Amino acid sequence: MNNTLSSQAYNSALQLMPGGVNSPVRSFKCIGIPPVFIKKAFGSTLKDIDGNRYIDFCLSWGVSILGHAHPEIKQAVHEAVENGSSYGAPTLLETELASLIVKSTPSVEKVRLVSSGTEAVMSAIRLARAYTKRDIIIKFDGGYHGHSDMLLVKAGSGLAGETSTSSQGVPDQVVNHTVSIPFNDTNALHEVFKKYSRNIAAVILEPVPANMGVVLPQEGFLETIRRITRQYGSLLIFDEVITGFRFCFGGVQKLLGVEPDITTFGKIIGGGFPVGAYGASKEIMSLIAPEGPVYQAGTLSGNPVAVSAGIATLKLLSDEVIYSEIAQKSSRFFEKLQAIANKNSLQLNVFRNMFTLYFSKDKVNDFASAQKADHSAFAKFYIELLKEGIYLSPSGYEANFISLAHTEEELERTVKKINLYAGAKKSHNNQNNK
Ligand SMILES: *Cc1c(COP(=O)(O)O)cnc(C)c1O
């Protein structure tokens, strides 16, 4: 693998941007090599500026579920941009995207479009606090909900590899109202409700966490959260920025059979453009300005080009055949990966079409167990796969995704390469916590 141009590009970028990037995990900090700079992408393939090609399992962190540069999304964007790219005034497009989201997810009767997942979650928290007239937010260790102040407590994703679990620059008074407890820990949940009881505005979680790597909710855990939030009059917020429209047309809540009070979306719903959304019942959403007293606004909210990409994406996804095709491909692929994991005492965590391979002999069902995995072994494994033209999400705390565009041949090739490197590169100490 020749990466001369990427290395040069990285050095130039380092002079001008912190860490050379505009979002931390992209820097490959967890991997310990310079990142590859991408020139273009098509279908399931990324091409870097040195001309190397990769089968992409990061897919812009799950965004590109239909594959990169999908013709119908491209066409929608071209048509939209011909008409000007921002008006700061209402359009029919926004109503169309809102209607697709509302139709998809029964707990969402009204929706507000924003420009990122962070913004969606931040606004959902404000809404929950206003609705309940309470302050305390419960989250789970390793859950990532964007970079707003109050949620940078024991956060996953790019913060997961850090020794300090929250960010500097966040006043104590702000995070004092955020309590983080271990995922899948029913006792901790009961304890925290006993302690803060009717001061708890909301519990926020990724219903299937994907930012400490993929972790599955244990049997009954989501139902318990639903029950206890109702009992105490707190709201339940499902952060579906990754899971929304990833496994079915709508929130994963439809598959799990647990309905939150507020849902946040992002990633997939923008079709590769910056779109987020939060939605809830009409009653809860009526608090949002200009209808109600909760202020939230955005110059580029509902941007016509971004929303056109979102509409094109959701229209395609409304054909459930797409999901079953991805599911079938994924389950054949995961069956083979599971055999490799078993052979090498690794943990393969899978939900439908996303997965994380943990270099851990013990089961991973929360943030603490994800941290115990051998992340330096993962980094070595990662580098070998990259050299072989396989681009995973560049951290052992991230999810990988299958898209409609991945071919059986590509998945087969990936299985072979993973088989080759999953065992060979394990370091002697499986418990070293790097
Ligand atoms: C990516 C992500 C966010 C943040 O979205 P941005 O668009 O990056 O601001 C929030 N919550 C979850 C679950 C995410 O995966």
# chains A, B, ... in the order shown; residues from 1 in each chain; ligands from 1
>>> select_by_dssp(residues="region 179-422 of chain A", states="strand (DSSP E)", output="PyMOL selection string")
chain A and resi 179-181+200-205+235-239+262-265+276-280+347-351+354-358+390-391+400-401
>>> residues_near_ligand(ligand="ligand 1", cutoff="7 Å", atoms="only C-alpha atoms and all ligand atoms", output="list of chain:residue names")
A:Ser116, A:Gly117, A:Thr118, A:Glu119, A:Val121, A:Tyr144, A:His145, A:Gly146, A:His147, A:Glu206, A:Ala210, A:Asn211, A:Asp239, A:Glu240, A:Val241, A:Ile242, A:Gly266, A:Lys267, A:Gly276
>>> closest_residue(among="A:Ala41, A:Ala120, A:Ile73, A:Val179", to="Ser148 (chain A)", atoms="only C-alpha atoms")
A:Ala120
>>> residues_around(residues="Gly389 (chain A)", least_positions_apart="5", cutoff="7 Å", atoms="only C-alpha atoms", output="list of chain:residue names")
A:Arg53, A:Tyr54, A:Ile55
>>> residues_around(residues="region 44-51 of chain A", least_positions_apart="6", cutoff="10 Å", atoms="only C-alpha atoms", output="number ranges by chain")
A: 1-7, 9, 36-38, 57-59, 64-69, 389-391, 402-407, 410
>>> write_last_selection(atoms="N, CA and C atoms", output="compact mmCIF listing (two decimals), in the first residue's frame")
# COMPACT_ATOMS: atom_id res chain seq x y z
N MET A 1 0.85 -1.20 0.00
CA MET A 1 0.00 0.00 0.00
C MET A 1 0.88 1.24 0.00
N ASN A 2 0.75 2.03 -1.04
CA ASN A 2 1.48 3.29 -1.09
C ASN A 2 0.59 4.39 -0.50
N ASN A 3 1.09 5.06 0.54
CA ASN A 3 0.27 6.12 1.11
C ASN A 3 1.02 7.45 1.19
N THR A 4 1.91 7.64 0.23
CA THR A 4 2.74 8.85 0.20
C THR A 4 1.88 10.12 0.21
N LEU A 5 0.90 10.16 -0.66
CA LEU A 5 0.10 11.39 -0.78
C LEU A 5 -0.76 11.62 0.46
N SER A 6 -1.31 10.53 1.02
CA SER A 6 -2.09 10.69 2.26
C SER A 6 -1.21 11.22 3.38
N SER A 7 0.00 10.69 3.50
CA SER A 7 0.90 11.16 4.56
C SER A 7 1.22 12.64 4.40
N ALA A 9 -0.61 14.83 2.79
CA ALA A 9 -1.85 15.57 3.02
C ALA A 9 -2.10 15.73 4.52
N VAL A 36 -5.97 7.74 6.02
CA VAL A 36 -5.94 7.87 4.57
C VAL A 36 -6.92 8.97 4.17
N PHE A 37 -6.52 9.75 3.18
CA PHE A 37 -7.37 10.85 2.69
C PHE A 37 -8.19 10.34 1.52
N ILE A 38 -9.47 10.58 1.58
CA ILE A 38 -10.38 10.01 0.59
C ILE A 38 -10.57 10.97 -0.57
N PHE A 57 -16.53 -0.36 5.37
CA PHE A 57 -17.47 -0.83 6.38
C PHE A 57 -17.79 0.26 7.41
N CYS A 58 -17.22 1.46 7.19
CA CYS A 58 -17.53 2.58 8.07
C CYS A 58 -18.74 3.33 7.50
N LEU A 59 -18.74 3.50 6.18
CA LEU A 59 -19.88 4.10 5.47
C LEU A 59 -20.31 5.43 6.06
N SER A 64 -24.17 5.88 4.81
CA SER A 64 -24.39 5.49 3.40
C SER A 64 -24.95 4.08 3.27
N ILE A 65 -26.13 3.88 3.78
CA ILE A 65 -26.74 2.55 3.81
C ILE A 65 -27.04 2.03 2.40
N LEU A 66 -27.24 2.94 1.44
CA LEU A 66 -27.51 2.51 0.07
C LEU A 66 -26.24 2.42 -0.77
N GLY A 67 -25.11 2.68 -0.13
CA GLY A 67 -23.84 2.76 -0.86
C GLY A 67 -23.57 4.20 -1.25
N HIS A 68 -22.31 4.49 -1.53
CA HIS A 68 -21.92 5.86 -1.87
C HIS A 68 -22.40 6.22 -3.28
N ALA A 69 -22.64 7.51 -3.46
CA ALA A 69 -22.96 8.06 -4.79
C ALA A 69 -24.12 7.32 -5.47
N GLY A 389 -6.98 -3.54 1.76
CA GLY A 389 -8.09 -2.89 1.06
C GLY A 389 -9.42 -3.03 1.77
N ILE A 390 -9.36 -3.13 3.09
CA ILE A 390 -10.62 -3.20 3.86
C ILE A 390 -10.62 -2.08 4.88
N TYR A 391 -11.60 -1.21 4.79
CA TYR A 391 -11.67 -0.02 5.64
C TYR A 391 -12.75 -0.22 6.69
N ILE A 402 -23.00 -2.82 7.11
CA ILE A 402 -23.17 -3.40 5.78
C ILE A 402 -24.18 -2.53 5.02
N SER A 403 -23.87 -2.27 3.76
CA SER A 403 -24.78 -1.47 2.94
C SER A 403 -25.42 -2.34 1.87
N LEU A 404 -26.39 -1.76 1.21
CA LEU A 404 -27.01 -2.44 0.07
C LEU A 404 -25.99 -2.73 -1.02
N ALA A 405 -24.94 -1.90 -1.08
CA ALA A 405 -23.98 -1.99 -2.19
C ALA A 405 -22.92 -3.08 -2.01
N HIS A 406 -22.73 -3.58 -0.79
CA HIS A 406 -21.71 -4.62 -0.62
C HIS A 406 -22.09 -5.87 -1.41
N THR A 407 -21.11 -6.43 -2.12
CA THR A 407 -21.39 -7.64 -2.89
C THR A 407 -20.96 -8.88 -2.10
N GLU A 410 -17.29 -9.26 -2.18
CA GLU A 410 -16.55 -8.38 -1.27
C GLU A 410 -16.61 -8.89 0.17
>>> select_by_dssp(residues="region 138-353 of chain A", states="helix (DSSP H, G or I)", output="compact mmCIF listing (two decimals) with N, CA, C and O atoms, in the first residue's frame")
# COMPACT_ATOMS: atom_id res chain seq x y z
N ASP A 149 -22.45 20.07 25.70
CA ASP A 149 -21.86 20.08 27.05
C ASP A 149 -22.42 19.02 27.97
O ASP A 149 -21.68 18.24 28.58
N MET A 150 -23.76 19.00 28.08
CA MET A 150 -24.33 18.19 29.16
C MET A 150 -24.24 16.69 28.92
O MET A 150 -24.52 15.91 29.81
N LEU A 151 -23.84 16.31 27.70
CA LEU A 151 -23.79 14.86 27.42
C LEU A 151 -22.37 14.32 27.31
O LEU A 151 -22.17 13.15 27.01
N SER A 157 -17.74 6.62 21.46
CA SER A 157 -17.20 7.05 20.18
C SER A 157 -15.79 7.60 20.33
O SER A 157 -14.95 6.97 20.94
N GLY A 158 -15.52 8.79 19.80
CA GLY A 158 -14.18 9.35 19.81
C GLY A 158 -13.65 9.62 21.20
O GLY A 158 -12.45 9.82 21.39
N LEU A 159 -14.54 9.64 22.20
CA LEU A 159 -14.10 9.89 23.56
C LEU A 159 -13.77 8.60 24.30
O LEU A 159 -13.19 8.62 25.37
N ASP A 172 -18.70 22.41 35.64
CA ASP A 172 -19.27 21.38 36.53
C ASP A 172 -20.78 21.56 36.68
O ASP A 172 -21.52 20.59 36.73
N GLN A 173 -21.20 22.82 36.76
CA GLN A 173 -22.64 23.06 36.97
C GLN A 173 -23.48 22.45 35.86
O GLN A 173 -24.62 22.08 36.07
N VAL A 174 -22.88 22.37 34.66
CA VAL A 174 -23.63 21.82 33.53
C VAL A 174 -23.73 20.30 33.62
O VAL A 174 -24.80 19.73 33.45
N VAL A 175 -22.61 19.64 33.90
CA VAL A 175 -22.66 18.17 33.95
C VAL A 175 -23.16 17.64 35.29
O VAL A 175 -23.45 16.46 35.42
N THR A 186 -29.62 -3.06 35.59
CA THR A 186 -30.95 -2.73 36.12
C THR A 186 -30.87 -2.21 37.55
O THR A 186 -31.62 -1.30 37.92
N ASN A 187 -29.94 -2.77 38.33
CA ASN A 187 -29.81 -2.29 39.71
C ASN A 187 -29.42 -0.83 39.77
O ASN A 187 -29.99 -0.05 40.53
N ALA A 188 -28.43 -0.46 38.94
CA ALA A 188 -27.98 0.93 38.91
C ALA A 188 -29.13 1.86 38.50
O ALA A 188 -29.27 2.96 39.04
N LEU A 189 -29.94 1.37 37.60
CA LEU A 189 -31.09 2.15 37.14
C LEU A 189 -32.07 2.40 38.30
O LEU A 189 -32.51 3.53 38.54
N HIS A 190 -32.39 1.34 39.03
CA HIS A 190 -33.30 1.49 40.18
C HIS A 190 -32.70 2.41 41.23
O HIS A 190 -33.39 3.27 41.80
N GLU A 191 -31.41 2.25 41.49
CA GLU A 191 -30.71 3.08 42.48
C GLU A 191 -30.83 4.57 42.12
O GLU A 191 -31.13 5.40 42.96
N VAL A 192 -30.55 4.86 40.86
CA VAL A 192 -30.50 6.25 40.44
C VAL A 192 -31.91 6.87 40.50
O VAL A 192 -32.07 8.04 40.84
N PHE A 193 -32.93 6.07 40.22
CA PHE A 193 -34.30 6.59 40.34
C PHE A 193 -34.70 6.77 41.80
O PHE A 193 -35.44 7.68 42.14
N LYS A 194 -34.18 5.89 42.64
CA LYS A 194 -34.46 6.05 44.07
C LYS A 194 -33.83 7.36 44.56
O LYS A 194 -34.44 8.13 45.29
N LYS A 195 -32.60 7.60 44.09
CA LYS A 195 -31.85 8.75 44.57
C LYS A 195 -32.40 10.08 44.05
O LYS A 195 -32.57 11.03 44.81
N TYR A 196 -32.65 10.15 42.73
CA TYR A 196 -33.04 11.43 42.15
C TYR A 196 -34.54 11.53 41.86
O TYR A 196 -35.04 12.60 41.51
N SER A 197 -35.19 10.44 41.95
CA SER A 197 -36.63 10.26 41.73
C SER A 197 -37.28 11.33 40.85
O SER A 197 -37.03 11.38 39.66
N ARG A 198 -38.09 12.19 41.42
CA ARG A 198 -38.89 13.10 40.59
C ARG A 198 -38.14 14.34 40.15
O ARG A 198 -38.74 15.33 39.73
N ASN A 199 -36.79 14.29 40.23
CA ASN A 199 -36.00 15.35 39.62
C ASN A 199 -35.46 14.93 38.26
O ASN A 199 -34.77 15.69 37.59
N PHE A 221 -34.26 -5.17 29.40
CA PHE A 221 -33.63 -3.94 29.91
C PHE A 221 -34.37 -2.68 29.43
O PHE A 221 -34.67 -1.78 30.21
N LEU A 222 -34.67 -2.65 28.13
CA LEU A 222 -35.37 -1.47 27.60
C LEU A 222 -36.77 -1.36 28.19
O LEU A 222 -37.24 -0.26 28.50
N GLU A 223 -37.42 -2.49 28.38
CA GLU A 223 -38.77 -2.50 28.98
C GLU A 223 -38.71 -1.96 30.41
O GLU A 223 -39.60 -1.21 30.84
N THR A 224 -37.66 -2.33 31.13
CA THR A 224 -37.50 -1.83 32.50
C THR A 224 -37.33 -0.32 32.51
O THR A 224 -37.93 0.38 33.33
N ILE A 225 -36.52 0.18 31.59
CA ILE A 225 -36.33 1.64 31.50
C ILE A 225 -37.66 2.32 31.18
O ILE A 225 -38.01 3.34 31.77
N ARG A 226 -38.40 1.72 30.24
CA ARG A 226 -39.70 2.30 29.87
C ARG A 226 -40.62 2.35 31.09
O ARG A 226 -41.29 3.35 31.35
N ARG A 227 -40.66 1.25 31.84
CA ARG A 227 -41.56 1.16 32.98
C ARG A 227 -41.20 2.20 34.05
O ARG A 227 -42.05 2.93 34.55
N ILE A 228 -39.92 2.27 34.36
CA ILE A 228 -39.51 3.14 35.48
C ILE A 228 -39.63 4.62 35.10
O ILE A 228 -40.00 5.45 35.96
N THR A 229 -39.38 4.96 33.83
CA THR A 229 -39.54 6.36 33.44
C THR A 229 -41.02 6.76 33.55
O THR A 229 -41.32 7.85 34.04
N ARG A 230 -41.92 5.87 33.15
CA ARG A 230 -43.36 6.17 33.27
C ARG A 230 -43.73 6.34 34.74
O ARG A 230 -44.45 7.27 35.10
N GLN A 231 -43.23 5.42 35.55
CA GLN A 231 -43.57 5.43 36.97
C GLN A 231 -43.19 6.75 37.64
O GLN A 231 -43.92 7.26 38.48
N TYR A 232 -42.05 7.31 37.22
CA TYR A 232 -41.56 8.54 37.85
C TYR A 232 -41.92 9.79 37.04
O TYR A 232 -41.48 10.90 37.39
N GLN A 253 -36.90 1.21 17.37
CA GLN A 253 -37.97 1.03 18.37
C GLN A 253 -39.09 0.16 17.83
O GLN A 253 -39.75 -0.55 18.58
N LYS A 254 -39.32 0.21 16.51
CA LYS A 254 -40.38 -0.63 15.92
C LYS A 254 -40.04 -2.11 16.02
O LYS A 254 -40.92 -2.94 16.17
N LEU A 255 -38.76 -2.42 15.92
CA LEU A 255 -38.35 -3.82 16.01
C LEU A 255 -38.28 -4.27 17.46
O LEU A 255 -38.51 -5.42 17.78
N LEU A 256 -37.92 -3.34 18.34
CA LEU A 256 -37.71 -3.71 19.74
C LEU A 256 -39.01 -3.69 20.53
O LEU A 256 -39.09 -4.25 21.62
N LYS A 267 -27.65 11.07 10.77
CA LYS A 267 -26.97 10.16 9.85
C LYS A 267 -27.80 9.78 8.61
O LYS A 267 -27.85 10.56 7.67
N ILE A 268 -28.44 8.62 8.59
CA ILE A 268 -29.11 8.14 7.36
C ILE A 268 -30.12 9.13 6.80
O ILE A 268 -30.23 9.29 5.58
N ILE A 269 -30.86 9.83 7.66
CA ILE A 269 -31.97 10.66 7.15
C ILE A 269 -31.51 11.84 6.29
O ILE A 269 -32.33 12.47 5.63
N GLY A 270 -30.22 12.13 6.27
CA GLY A 270 -29.72 13.21 5.42
C GLY A 270 -29.13 12.71 4.10
O GLY A 270 -28.66 13.52 3.30
N LYS A 282 -47.59 15.01 19.43
CA LYS A 282 -48.00 16.39 19.17
C LYS A 282 -47.94 17.22 20.44
O LYS A 282 -47.54 18.37 20.43
N GLU A 283 -48.38 16.60 21.53
CA GLU A 283 -48.43 17.32 22.81
C GLU A 283 -47.04 17.79 23.23
O GLU A 283 -46.84 18.96 23.57
N ILE A 284 -46.07 16.90 23.19
CA ILE A 284 -44.71 17.28 23.60
C ILE A 284 -44.13 18.29 22.61
O ILE A 284 -43.55 19.30 23.02
N MET A 285 -44.31 18.04 21.33
CA MET A 285 -43.71 18.93 20.32
C MET A 285 -44.34 20.32 20.31
O MET A 285 -43.75 21.28 19.81
N PRO A 304 -32.78 22.94 1.62
CA PRO A 304 -33.44 22.22 0.51
C PRO A 304 -32.57 21.16 -0.18
O PRO A 304 -33.08 20.14 -0.61
N VAL A 305 -31.27 21.40 -0.27
CA VAL A 305 -30.41 20.40 -0.92
C VAL A 305 -30.27 19.17 -0.02
O VAL A 305 -30.45 18.03 -0.46
N ALA A 306 -29.98 19.43 1.25
CA ALA A 306 -29.82 18.33 2.21
C ALA A 306 -31.13 17.54 2.35
O ALA A 306 -31.13 16.30 2.34
N VAL A 307 -32.22 18.25 2.45
CA VAL A 307 -33.51 17.59 2.62
C VAL A 307 -33.88 16.78 1.37
O VAL A 307 -34.44 15.69 1.47
N SER A 308 -33.50 17.28 0.19
CA SER A 308 -33.77 16.51 -1.03
C SER A 308 -33.02 15.17 -1.01
O SER A 308 -33.56 14.14 -1.43
N ALA A 309 -31.78 15.20 -0.53
CA ALA A 309 -31.01 13.95 -0.41
C ALA A 309 -31.69 13.02 0.59
O ALA A 309 -31.78 11.80 0.38
N GLY A 310 -32.19 13.60 1.68
CA GLY A 310 -32.89 12.81 2.69
C GLY A 310 -34.16 12.18 2.16
O GLY A 310 -34.42 10.99 2.38
N ILE A 311 -34.93 12.95 1.42
CA ILE A 311 -36.18 12.44 0.85
C ILE A 311 -35.88 11.28 -0.11
O ILE A 311 -36.52 10.22 -0.04
N ALA A 312 -34.90 11.49 -0.99
CA ALA A 312 -34.56 10.44 -1.97
C ALA A 312 -34.16 9.16 -1.24
O ALA A 312 -34.58 8.06 -1.61
N THR A 313 -33.39 9.32 -0.17
CA THR A 313 -32.94 8.15 0.60
C THR A 313 -34.11 7.43 1.26
O THR A 313 -34.26 6.22 1.13
N LEU A 314 -34.94 8.19 1.95
CA LEU A 314 -36.04 7.55 2.68
C LEU A 314 -37.06 6.94 1.72
O LEU A 314 -37.64 5.90 2.01
N LYS A 315 -37.26 7.57 0.58
CA LYS A 315 -38.18 6.98 -0.40
C LYS A 315 -37.68 5.61 -0.85
O LYS A 315 -38.46 4.67 -0.97
N LEU A 316 -36.39 5.53 -1.11
CA LEU A 316 -35.83 4.23 -1.50
C LEU A 316 -35.97 3.23 -0.35
O LEU A 316 -36.33 2.07 -0.55
N LEU A 317 -35.70 3.69 0.86
CA LEU A 317 -35.72 2.78 2.01
C LEU A 317 -37.14 2.36 2.40
O LEU A 317 -37.31 1.38 3.14
N VAL A 321 -37.92 -4.33 1.08
CA VAL A 321 -37.08 -5.35 0.43
C VAL A 321 -35.60 -5.02 0.59
O VAL A 321 -34.75 -5.90 0.74
N ILE A 322 -35.31 -3.72 0.58
CA ILE A 322 -33.91 -3.29 0.74
C ILE A 322 -33.35 -3.80 2.06
O ILE A 322 -32.24 -4.32 2.12
N TYR A 323 -34.15 -3.66 3.13
CA TYR A 323 -33.66 -4.10 4.44
C TYR A 323 -33.48 -5.62 4.49
O TYR A 323 -32.52 -6.11 5.08
N SER A 324 -34.40 -6.36 3.84
CA SER A 324 -34.23 -7.80 3.94
C SER A 324 -33.04 -8.26 3.09
O SER A 324 -32.34 -9.19 3.46
N GLU A 325 -32.79 -7.53 2.01
CA GLU A 325 -31.59 -7.87 1.22
C GLU A 325 -30.31 -7.64 2.02
O GLU A 325 -29.41 -8.49 2.05
N ILE A 326 -30.24 -6.49 2.70
CA ILE A 326 -29.05 -6.21 3.52
C ILE A 326 -28.96 -7.24 4.66
O ILE A 326 -27.88 -7.73 4.98
N ALA A 327 -30.11 -7.57 5.24
CA ALA A 327 -30.12 -8.52 6.36
C ALA A 327 -29.61 -9.89 5.94
O ALA A 327 -28.83 -10.52 6.67
N GLN A 328 -30.04 -10.34 4.76
CA GLN A 328 -29.61 -11.67 4.31
C GLN A 328 -28.11 -11.72 4.07
O GLN A 328 -27.42 -12.63 4.50
N LYS A 329 -27.62 -10.69 3.38
CA LYS A 329 -26.17 -10.60 3.13
C LYS A 329 -25.41 -10.60 4.44
O LYS A 329 -24.41 -11.27 4.61
N SER A 330 -25.93 -9.79 5.38
CA SER A 330 -25.25 -9.61 6.65
C SER A 330 -25.21 -10.91 7.43
O SER A 330 -24.18 -11.27 7.99
N SER A 331 -26.33 -11.64 7.45
CA SER A 331 -26.33 -12.82 8.32
C SER A 331 -25.40 -13.90 7.78
O SER A 331 -24.74 -14.59 8.55
N ARG A 332 -25.31 -14.01 6.46
CA ARG A 332 -24.33 -14.97 5.90
C ARG A 332 -22.90 -14.57 6.27
O ARG A 332 -22.08 -15.39 6.64
N PHE A 333 -22.65 -13.28 6.18
CA PHE A 333 -21.32 -12.74 6.50
C PHE A 333 -20.99 -12.96 7.98
O PHE A 333 -19.91 -13.43 8.34
N PHE A 334 -21.96 -12.66 8.84
CA PHE A 334 -21.72 -12.75 10.28
C PHE A 334 -21.54 -14.19 10.74
O PHE A 334 -20.82 -14.46 11.69
N GLU A 335 -22.24 -15.11 10.06
CA GLU A 335 -22.08 -16.52 10.40
C GLU A 335 -20.60 -16.93 10.26
O GLU A 335 -20.04 -17.59 11.12
N LYS A 336 -20.01 -16.48 9.17
CA LYS A 336 -18.60 -16.81 8.93
C LYS A 336 -17.68 -16.07 9.91
O LYS A 336 -16.71 -16.63 10.41
N LEU A 337 -18.02 -14.82 10.18
CA LEU A 337 -17.21 -14.07 11.16
C LEU A 337 -17.30 -14.69 12.54
O LEU A 337 -16.33 -14.73 13.29
N GLN A 338 -18.48 -15.20 12.86
CA GLN A 338 -18.66 -15.81 14.18
C GLN A 338 -17.74 -17.02 14.35
O GLN A 338 -17.14 -17.21 15.40
N ALA A 339 -17.61 -17.81 13.30
CA ALA A 339 -16.73 -18.97 13.35
C ALA A 339 -15.28 -18.52 13.60
O ALA A 339 -14.56 -19.13 14.39
N ILE A 340 -14.89 -17.42 12.95
CA ILE A 340 -13.53 -16.89 13.14
C ILE A 340 -13.37 -16.38 14.57
O ILE A 340 -12.35 -16.61 15.22
N ALA A 341 -14.38 -15.70 15.05
CA ALA A 341 -14.34 -15.18 16.42
C ALA A 341 -14.21 -16.33 17.42
O ALA A 341 -13.39 -16.27 18.35
N ASN A 342 -15.00 -17.37 17.22
CA ASN A 342 -14.94 -18.52 18.13
C ASN A 342 -13.55 -19.14 18.15
O ASN A 342 -13.01 -19.43 19.21
N LYS A 343 -13.01 -19.30 16.95
CA LYS A 343 -11.71 -19.95 16.81
C LYS A 343 -10.62 -19.16 17.53
O LYS A 343 -9.67 -19.72 18.06
>>> residues_around(residues="region 287-301 of chain A", least_positions_apart="2", cutoff="12 Å", atoms="only C-alpha atoms", output="PyMOL selection string")
chain A and resi 85-91+93-94+110-116+119-133+270+273-285+303-307
>>> residues_around(residues="region 363-371 of chain A", least_positions_apart="2", cutoff="9 Å", atoms="only C-alpha atoms", output="PDB file with C-alpha atoms, in the first residue's frame")
ATOM      1  CA  PHE A 140     -25.377   5.316  30.069  1.00  0.00           C
ATOM      2  CA  ASP A 141     -21.603   4.897  30.156  1.00  0.00           C
ATOM      3  CA  GLY A 142     -20.255   4.605  26.620  1.00  0.00           C
ATOM      4  CA  GLY A 143     -23.403   6.125  25.112  1.00  0.00           C
ATOM      5  CA  GLY A 156     -18.351   6.699  23.796  1.00  0.00           C
ATOM      6  CA  ALA A 160     -14.049   6.209  24.396  1.00  0.00           C
ATOM      7  CA  GLY A 161     -10.313   5.761  23.967  1.00  0.00           C
ATOM      8  CA  PRO A 182     -23.558   1.308  33.283  1.00  0.00           C
ATOM      9  CA  PHE A 183     -25.603  -0.018  30.371  1.00  0.00           C
ATOM     10  CA  ASN A 184     -27.569  -3.218  31.012  1.00  0.00           C
ATOM     11  CA  ASP A 185     -27.391  -2.591  34.766  1.00  0.00           C
ATOM     12  CA  MET A 212     -18.885   1.767  22.499  1.00  0.00           C
ATOM     13  CA  GLY A 213     -18.915  -0.660  19.628  1.00  0.00           C
ATOM     14  CA  VAL A 214     -22.095  -2.636  19.183  1.00  0.00           C
ATOM     15  CA  VAL A 215     -23.610  -3.741  22.488  1.00  0.00           C
ATOM     16  CA  LEU A 216     -26.961  -5.453  22.773  1.00  0.00           C
ATOM     17  CA  PRO A 217     -29.576  -4.509  25.350  1.00  0.00           C
ATOM     18  CA  GLN A 218     -30.190  -7.507  27.570  1.00  0.00           C
ATOM     19  CA  LEU A 346     -12.821 -12.897  20.108  1.00  0.00           C
ATOM     20  CA  GLN A 347     -16.224 -11.352  20.687  1.00  0.00           C
ATOM     21  CA  LEU A 348     -18.367 -10.607  17.680  1.00  0.00           C
ATOM     22  CA  ASN A 349     -21.257  -8.351  18.641  1.00  0.00           C
ATOM     23  CA  TYR A 358     -13.763  -7.012  20.103  1.00  0.00           C
ATOM     24  CA  SER A 360     -11.627  -9.795  24.161  1.00  0.00           C
ATOM     25  CA  LYS A 361     -12.141 -13.321  25.417  1.00  0.00           C
ATOM     26  CA  ALA A 373     -10.783  -5.501  25.121  1.00  0.00           C
ATOM     27  CA  ASP A 374      -7.250  -5.412  23.741  1.00  0.00           C
ATOM     28  CA  HIS A 375      -7.368  -2.212  21.719  1.00  0.00           C
ATOM     29  CA  GLY A 396     -12.307  -0.676  18.509  1.00  0.00           C
ATOM     30  CA  TYR A 397     -15.131   1.348  20.067  1.00  0.00           C
ATOM     31  CA  ASN A 433      -6.079  -1.999  28.547  1.00  0.00           C
ATOM     32  CA  LYS A 434      -4.787   0.437  25.945  1.00  0.00           C
TER      33      LYS A 434
END
>>> closest_residue(among="A:Leu236, A:Asn52, A:Leu16, A:Arg26", to="Lys40 (chain A)", atoms="only C-alpha atoms")
A:Asn52
